[in-house]
Amino acid sequence: MIARRLQFDAIKHSVLHPNQLGGIAQRSTEDAGLFLTHLVRSGWAKGLKTSVVDAELFAIQLGVIKATSFDIKRIVIITDSLTAARRAVDASVHSGQAHSLAIVQALRDFFTNHPDRSIHF
């Protein structure tokens with residue numbers, strides 16, 4: 001009961017990042033998968049297309065946002081999609097740009113005033 005109350009207060013007062021997934025009620029990794037499925041199906045209903053690269057970009061976004069929530073010095077991204085890795089830090093117009101912008105913002109905050117931090121793909 002105390003854990004539920006702490007989660008409620010943390011979410012209510014924006015202590016947790018809005019994209020925090022895992023370890024929180026109704027924000028599990030299964031919920032992330034359902035959310036991704038919802039985004040893909042919503043896009044299909046509008047006549048849009050979704051690629052594997054977009055799905056990988058979404059996964060990279062979740063990983064980067066999760067990693068930047070910790071006090072760490074290095075982030076290592078392991079992916080078999082070089083295209084997704086390049087797009088992850090490309091803020092120009094492209095499919096999946098919203099994911100890239102979220103990644104770039106998280107990394108900007110991660111690197112601000114911390115020259116000893118790094119990210120590796």
# chains A, B, ... in the order shown; residues from 1 in each chain; ligands from 1
$ residues_around --residues "Val64 of chain A" --least-positions-apart "4" --cutoff "9 Å" --atoms "only C-alpha atoms" --output "MDAnalysis selection string"
chainID A and resid 59:60 68:69 75 77 103 106:107
$ closest_residue --among "A:Phe110, A:Phe8, A:Leu48, A:Leu36" --to "Phe70 of chain A" --atoms "only C-alpha atoms"
A:Phe110
$ select_by_dssp --residues "chain A" --states "strand (DSSP E or B)" --output "VMD selection string"
chain A and resid 74 to 76 118 to 120
$ write_last_selection --atoms "C-alpha atoms" --output "PDB file, in the first residue's frame"
ATOM      1  CA  ARG A  74      28.387   6.086 -20.079  1.00  0.00           C
ATOM      2  CA  ILE A  75      25.489   4.817 -22.180  1.00  0.00           C
ATOM      3  CA  VAL A  76      26.086   1.924 -24.570  1.00  0.00           C
ATOM      4  CA  SER A 118      29.549   9.589 -23.149  1.00  0.00           C
ATOM      5  CA  ILE A 119      27.298   7.523 -25.376  1.00  0.00           C
ATOM      6  CA  HIS A 120      28.476   4.685 -27.614  1.00  0.00           C
TER       7      HIS A 120
END
$ closest_residue --among "A:Leu57, A:Ala67, A:Ala3, A:Val52" --to "His99 of chain A" --atoms "only C-alpha atoms"
A:Leu57
$ select_by_dssp --residues "segment 7-113 of chain A" --states "alpha helix (DSSP H)" --output "PyMOL selection string"
chain A and resi 7-12+29-45+52-67+82-88+97-111
$ residues_around --residues "Glu56 of chain A" --least-positions-apart "3" --cutoff "10 Å" --atoms "only C-alpha atoms" --output "MDAnalysis selection string"
chainID A and resid 51:53 59:62 79:81 83:85 88 96
$ closest_residue --among "A:Lys12, A:Gln105, A:Phe58, A:Gly47" --to "Gly33 of chain A" --atoms "only C-alpha atoms"
A:Phe58
$ closest_residue --among "A:Val93, A:Ala102, A:Ala45, A:Ile11" --to "Lys66 of chain A" --atoms "only C-alpha atoms"
A:Ala102
$ atom_distance --atom1 "atom CA of Ser95 of chain A" --atom2 "atom CA of Gly43 of chain A"
11.7 Å
